[in-house]
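Participant: query11.pdb is reproduced in full below (PDB, C-alpha atoms, pLDDT in the B column).
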```pdb
ATOM      1  CA  MET A   1       3.619  -1.979 -43.417  1.00 86.00           C
ATOM      2  CA  ARG A   2       2.043  -5.271 -42.441  1.00 89.00           C
ATOM      3  CA  PHE A   3       5.010  -5.982 -40.132  1.00 91.00           C
ATOM      4  CA  ALA A   4       4.536  -2.639 -38.354  1.00 91.00           C
ATOM      5  CA  LEU A   5       0.832  -3.301 -37.765  1.00 93.00           C
ATOM      6  CA  TRP A   6       1.518  -6.791 -36.407  1.00 95.00           C
ATOM      7  CA  THR A   7       4.225  -5.412 -34.153  1.00 95.00           C
ATOM      8  CA  ILE A   8       1.970  -2.668 -32.784  1.00 95.00           C
ATOM      9  CA  GLY A   9      -0.831  -5.206 -32.262  1.00 95.00           C
ATOM     10  CA  ILE A  10       1.383  -7.686 -30.420  1.00 96.00           C
ATOM     11  CA  VAL A  11       2.936  -4.978 -28.229  1.00 96.00           C
ATOM     12  CA  SER A  12      -0.535  -3.640 -27.402  1.00 96.00           C
ATOM     13  CA  VAL A  13      -1.835  -7.059 -26.406  1.00 96.00           C
ATOM     14  CA  LEU A  14       1.238  -7.820 -24.294  1.00 96.00           C
ATOM     15  CA  TYR A  15       1.059  -4.440 -22.555  1.00 96.00           C
ATOM     16  CA  LEU A  16      -2.650  -4.808 -21.778  1.00 95.00           C
ATOM     17  CA  THR A  17      -2.193  -8.362 -20.523  1.00 93.00           C
ATOM     18  CA  GLY A  18       0.720  -7.380 -18.302  1.00 89.00           C
ATOM     19  CA  TYR A  19      -1.149  -4.378 -16.944  1.00 87.00           C
ATOM     20  CA  LEU A  20      -4.224  -6.426 -16.044  1.00 85.00           C
ATOM     21  CA  ILE A  21      -2.198  -9.224 -14.460  1.00 83.00           C
ATOM     22  CA  LEU A  22      -0.083  -6.876 -12.351  1.00 77.00           C
ATOM     23  CA  ARG A  23      -3.101  -4.839 -11.300  1.00 75.00           C
ATOM     24  CA  GLU A  24      -4.920  -7.918 -10.000  1.00 73.00           C
ATOM     25  CA  MET A  25      -1.873  -9.719  -8.597  1.00 73.00           C
ATOM     26  CA  ALA A  26      -2.394 -10.661  -4.939  1.00 68.00           C
ATOM     27  CA  VAL A  27       0.185 -10.644  -2.179  1.00 69.00           C
ATOM     28  CA  ASP A  28      -1.473 -13.381  -0.171  1.00 73.00           C
ATOM     29  CA  GLY A  29      -4.366 -15.797  -0.374  1.00 72.00           C
ATOM     30  CA  LYS A  30      -6.814 -13.220   0.977  1.00 76.00           C
ATOM     31  CA  GLY A  31      -6.625 -11.160  -2.201  1.00 74.00           C
ATOM     32  CA  ILE A  32      -4.738  -8.159  -0.840  1.00 79.00           C
ATOM     33  CA  THR A  33      -2.982  -6.319  -3.643  1.00 77.00           C
ATOM     34  CA  ILE A  34       0.469  -4.777  -3.376  1.00 78.00           C
ATOM     35  CA  ALA A  35      -0.878  -1.222  -3.073  1.00 79.00           C
ATOM     36  CA  GLN A  36      -3.263  -2.245  -0.288  1.00 84.00           C
ATOM     37  CA  ALA A  37      -0.476  -4.047   1.577  1.00 84.00           C
ATOM     38  CA  ILE A  38       1.682  -0.923   1.453  1.00 86.00           C
ATOM     39  CA  ARG A  39      -1.149   1.239   2.808  1.00 90.00           C
ATOM     40  CA  LEU A  40      -1.874  -1.299   5.558  1.00 89.00           C
ATOM     41  CA  SER A  41       1.759  -1.401   6.641  1.00 91.00           C
ATOM     42  CA  ILE A  42       1.865   2.417   6.842  1.00 94.00           C
ATOM     43  CA  VAL A  43      -1.284   2.496   8.997  1.00 94.00           C
ATOM     44  CA  ARG A  44       0.061  -0.298  11.200  1.00 94.00           C
ATOM     45  CA  ARG A  45       3.346   1.599  11.671  1.00 94.00           C
ATOM     46  CA  ASP A  46       1.496   4.790  12.648  1.00 92.00           C
ATOM     47  CA  ILE A  47      -0.674   2.947  15.176  1.00 92.00           C
ATOM     48  CA  GLU A  48       2.401   1.323  16.721  1.00 93.00           C
ATOM     49  CA  ARG A  49       4.093   4.728  17.061  1.00 90.00           C
ATOM     50  CA  ILE A  50       1.039   6.179  18.807  1.00 85.00           C
ATOM     51  CA  ALA A  51       0.899   3.177  21.146  1.00 87.00           C
ATOM     52  CA  ARG A  52       4.600   3.569  22.031  1.00 89.00           C
ATOM     53  CA  ALA A  53       4.104   7.278  22.688  1.00 84.00           C
ATOM     54  CA  GLU A  54       1.125   6.579  24.925  1.00 83.00           C
ATOM     55  CA  HIS A  55       2.999   3.889  26.818  1.00 85.00           C
ATOM     56  CA  SER A  56       6.044   6.055  27.465  1.00 85.00           C
ATOM     57  CA  TYR A  57       3.910   9.054  28.506  1.00 80.00           C
ATOM     58  CA  MET A  58       1.813   6.949  30.887  1.00 81.00           C
ATOM     59  CA  ALA A  59       4.940   5.357  32.359  1.00 81.00           C
ATOM     60  CA  SER A  60       6.421   8.731  33.228  1.00 84.00           C
ATOM     61  CA  ASN A  61       3.295  10.772  34.105  1.00 81.00           C
ATOM     62  CA  ASP A  62       0.553   8.332  35.236  1.00 75.00           C
ATOM     63  CA  ASP A  63      -1.852  10.200  32.992  1.00 74.00           C
ATOM     64  CA  CYS A  64      -3.400   9.794  29.525  1.00 75.00           C
ATOM     65  CA  LEU A  65      -3.040  12.232  26.666  1.00 74.00           C
ATOM     66  CA  SER A  66      -5.525  12.897  23.906  1.00 75.00           C
ATOM     67  CA  LEU A  67      -5.005  11.153  20.602  1.00 72.00           C
ATOM     68  CA  ARG A  68      -4.136  14.471  18.931  1.00 78.00           C
ATOM     69  CA  ASP A  69      -1.342  15.123  21.463  1.00 74.00           C
ATOM     70  CA  LEU A  70       0.041  11.608  21.022  1.00 67.00           C
ATOM     71  CA  ALA A  71       0.067  11.895  17.222  1.00 68.00           C
ATOM     72  CA  ASP A  72       2.063  15.152  17.362  1.00 66.00           C
TER      73      ASP A  72
END
```
Once you've parsed the file, please lay out its structure as structure tokens.
Facilitator:
Amino acid sequence: MRFALWTIGIVSVLYLTGYLILREMAVDGKGITIAQAIRLSIVRRDIERIARAEHSYMASNDDCLSLRDLAD
């Protein structure tokens, strides 16, 4: 019984420690976490797609579209 309690205690402490370390782990020196970096890369990709769409539309039509039309 004592062995089971020690085992549960050690597993609990290791799990909590690992969870806290991984949650606070930074990707770079600025303190950006992994989840934030993923969200930033998705936003950056979307902005680049809108910019490419605007560039190609302006090159062919000499006119600007609204942001809603470019995003579609």
Participant: Evaluating the PyMOL selection byres ((chain A and resi 53) around 12) on the displayed file yields which residues, as a list in words?
Facilitator: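 Given this file, the PyMOL selection byres ((chain A and resi 53) around 12) evaluates to Asp46, Ile47, Glu48, Arg49, Ile50, Ala51, Arg52, Glu54, His55, Ser56, Tyr57, Met58, Ala59, Ser60, Asn61, Cys64, Leu65, Ser66, Leu67, Arg68, Asp69, Leu70, Ala71 and Asp72 of chain A.
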Participant: Using the file's own x, y and z axes, what box holds all listed atoms of stretch 13-17 of chain A with 3 Å on each side, keeping edges along x, y and z, and what are its centre and edge lengths in Å to one decimal, as lines of an AutoDock Vina configuration file?
Facilitator:
```
center_x = -0.7
center_y = -6.4
center_z = -23.5
size_x = 9.9
size_y = 9.9
size_z = 11.9
```
Participant: How far is it from atom CA of A:Ala35 to atom CA of A:Arg23, in Å with one decimal?
Facilitator: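 We find that atom CA of A:Ala35 and atom CA of A:Arg23 lie 9.3 Å from each other.
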Participant: Distance atom CA of A:Ile34-atom CA of A:Ile21, one decimal place?
Facilitator: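 Separation between atom CA of A:Ile34 and atom CA of A:Ile21: 12.2 Å.
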Participant: Expressed in Å to a single decimal, how great is the separation between atom CA of A:Val13 and atom CA of A:Gly29?
Facilitator: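 Spanning atom CA of A:Val13 to atom CA of A:Gly29 is a straight-line distance of 27.6 Å.
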Participant: Missing atoms in stretch 51-62 of chain A: fill them in up to all heavy atoms and send the result as a PDB file, keeping the file's coordinate frame.
Facilitator:
```pdb
ATOM      1  N   ALA A  51       0.936   4.037  19.957  1.00 87.00           N
ATOM      2  CA  ALA A  51       0.899   3.177  21.146  1.00 87.00           C
ATOM      3  C   ALA A  51       2.181   3.311  21.965  1.00 87.00           C
ATOM      4  O   ALA A  51       2.131   3.360  23.199  1.00 87.00           O
ATOM      5  CB  ALA A  51       0.682   1.725  20.734  1.00 87.00           C
ATOM      6  N   ARG A  52       3.336   3.383  21.291  1.00 89.00           N
ATOM      7  CA  ARG A  52       4.600   3.569  22.031  1.00 89.00           C
ATOM      8  C   ARG A  52       4.635   4.919  22.738  1.00 89.00           C
ATOM      9  O   ARG A  52       5.100   5.019  23.870  1.00 89.00           O
ATOM     10  CB  ARG A  52       5.787   3.438  21.083  1.00 89.00           C
ATOM     11  CG  ARG A  52       6.255   2.012  20.943  1.00 89.00           C
ATOM     12  CD  ARG A  52       7.566   1.923  20.180  1.00 89.00           C
ATOM     13  NE  ARG A  52       7.245   1.391  18.857  1.00 89.00           N
ATOM     14  CZ  ARG A  52       7.458   2.004  17.705  1.00 89.00           C
ATOM     15  NH1 ARG A  52       8.038   3.169  17.667  1.00 89.00           N
ATOM     16  NH2 ARG A  52       7.110   1.448  16.574  1.00 89.00           N
ATOM     17  N   ALA A  53       4.128   5.951  22.072  1.00 84.00           N
ATOM     18  CA  ALA A  53       4.104   7.278  22.688  1.00 84.00           C
ATOM     19  C   ALA A  53       3.190   7.293  23.909  1.00 84.00           C
ATOM     20  O   ALA A  53       3.531   7.870  24.947  1.00 84.00           O
ATOM     21  CB  ALA A  53       3.648   8.319  21.669  1.00 84.00           C
ATOM     22  N   GLU A  54       2.047   6.643  23.791  1.00 83.00           N
ATOM     23  CA  GLU A  54       1.125   6.579  24.925  1.00 83.00           C
ATOM     24  C   GLU A  54       1.737   5.809  26.082  1.00 83.00           C
ATOM     25  O   GLU A  54       1.642   6.221  27.247  1.00 83.00           O
ATOM     26  CB  GLU A  54      -0.180   5.923  24.485  1.00 83.00           C
ATOM     27  CG  GLU A  54      -1.224   5.861  25.581  1.00 83.00           C
ATOM     28  CD  GLU A  54      -2.488   5.194  25.119  1.00 83.00           C
ATOM     29  OE1 GLU A  54      -2.454   4.427  24.141  1.00 83.00           O
ATOM     30  OE2 GLU A  54      -3.526   5.438  25.749  1.00 83.00           O
ATOM     31  N   HIS A  55       2.373   4.704  25.773  1.00 85.00           N
ATOM     32  CA  HIS A  55       2.999   3.889  26.818  1.00 85.00           C
ATOM     33  C   HIS A  55       4.096   4.669  27.542  1.00 85.00           C
ATOM     34  O   HIS A  55       4.155   4.670  28.774  1.00 85.00           O
ATOM     35  CB  HIS A  55       3.569   2.610  26.210  1.00 85.00           C
ATOM     36  CG  HIS A  55       4.296   1.765  27.195  1.00 85.00           C
ATOM     37  ND1 HIS A  55       3.644   1.061  28.179  1.00 85.00           N
ATOM     38  CD2 HIS A  55       5.620   1.519  27.372  1.00 85.00           C
ATOM     39  CE1 HIS A  55       4.538   0.412  28.909  1.00 85.00           C
ATOM     40  NE2 HIS A  55       5.741   0.677  28.426  1.00 85.00           N
ATOM     41  N   SER A  56       4.953   5.326  26.814  1.00 85.00           N
ATOM     42  CA  SER A  56       6.044   6.055  27.465  1.00 85.00           C
ATOM     43  C   SER A  56       5.516   7.262  28.247  1.00 85.00           C
ATOM     44  O   SER A  56       6.036   7.585  29.317  1.00 85.00           O
ATOM     45  CB  SER A  56       7.088   6.490  26.446  1.00 85.00           C
ATOM     46  OG  SER A  56       6.527   7.376  25.515  1.00 85.00           O
ATOM     47  N   TYR A  57       4.466   7.925  27.760  1.00 80.00           N
ATOM     48  CA  TYR A  57       3.910   9.054  28.506  1.00 80.00           C
ATOM     49  C   TYR A  57       3.240   8.578  29.782  1.00 80.00           C
ATOM     50  O   TYR A  57       3.405   9.176  30.847  1.00 80.00           O
ATOM     51  CB  TYR A  57       2.907   9.821  27.637  1.00 80.00           C
ATOM     52  CG  TYR A  57       2.372  11.047  28.340  1.00 80.00           C
ATOM     53  CD1 TYR A  57       3.092  12.230  28.335  1.00 80.00           C
ATOM     54  CD2 TYR A  57       1.162  11.011  29.025  1.00 80.00           C
ATOM     55  CE1 TYR A  57       2.625  13.358  28.982  1.00 80.00           C
ATOM     56  CE2 TYR A  57       0.688  12.126  29.681  1.00 80.00           C
ATOM     57  CZ  TYR A  57       1.419  13.300  29.661  1.00 80.00           C
ATOM     58  OH  TYR A  57       0.954  14.404  30.324  1.00 80.00           O
ATOM     59  N   MET A  58       2.484   7.471  29.693  1.00 81.00           N
ATOM     60  CA  MET A  58       1.813   6.949  30.887  1.00 81.00           C
ATOM     61  C   MET A  58       2.812   6.433  31.908  1.00 81.00           C
ATOM     62  O   MET A  58       2.595   6.539  33.108  1.00 81.00           O
ATOM     63  CB  MET A  58       0.830   5.839  30.504  1.00 81.00           C
ATOM     64  CG  MET A  58      -0.429   6.361  29.850  1.00 81.00           C
ATOM     65  SD  MET A  58      -1.597   5.048  29.456  1.00 81.00           S
ATOM     66  CE  MET A  58      -2.050   4.512  31.092  1.00 81.00           C
ATOM     67  N   ALA A  59       3.930   5.869  31.436  1.00 81.00           N
ATOM     68  CA  ALA A  59       4.940   5.357  32.359  1.00 81.00           C
ATOM     69  C   ALA A  59       5.599   6.483  33.140  1.00 81.00           C
ATOM     70  O   ALA A  59       5.964   6.309  34.308  1.00 81.00           O
ATOM     71  CB  ALA A  59       5.995   4.573  31.588  1.00 81.00           C
ATOM     72  N   SER A  60       5.740   7.640  32.537  1.00 84.00           N
ATOM     73  CA  SER A  60       6.421   8.731  33.228  1.00 84.00           C
ATOM     74  C   SER A  60       5.468   9.693  33.942  1.00 84.00           C
ATOM     75  O   SER A  60       5.867  10.353  34.891  1.00 84.00           O
ATOM     76  CB  SER A  60       7.296   9.517  32.250  1.00 84.00           C
ATOM     77  OG  SER A  60       6.498  10.057  31.226  1.00 84.00           O
ATOM     78  N   ASN A  61       4.194   9.764  33.529  1.00 81.00           N
ATOM     79  CA  ASN A  61       3.295  10.772  34.105  1.00 81.00           C
ATOM     80  C   ASN A  61       2.046  10.208  34.766  1.00 81.00           C
ATOM     81  O   ASN A  61       1.287  10.978  35.343  1.00 81.00           O
ATOM     82  CB  ASN A  61       2.860  11.756  33.017  1.00 81.00           C
ATOM     83  CG  ASN A  61       4.014  12.545  32.472  1.00 81.00           C
ATOM     84  OD1 ASN A  61       4.962  12.831  33.177  1.00 81.00           O
ATOM     85  ND2 ASN A  61       3.942  12.878  31.201  1.00 81.00           N
ATOM     86  N   ASP A  62       1.782   8.934  34.692  1.00 75.00           N
ATOM     87  CA  ASP A  62       0.553   8.332  35.236  1.00 75.00           C
ATOM     88  C   ASP A  62      -0.703   9.065  34.775  1.00 75.00           C
ATOM     89  O   ASP A  62      -1.625   9.297  35.547  1.00 75.00           O
ATOM     90  CB  ASP A  62       0.598   8.297  36.771  1.00 75.00           C
ATOM     91  CG  ASP A  62       1.521   7.223  37.294  1.00 75.00           C
ATOM     92  OD1 ASP A  62       1.778   6.267  36.543  1.00 75.00           O
ATOM     93  OD2 ASP A  62       1.975   7.338  38.441  1.00 75.00           O
TER      94      ASP A  62
END
```
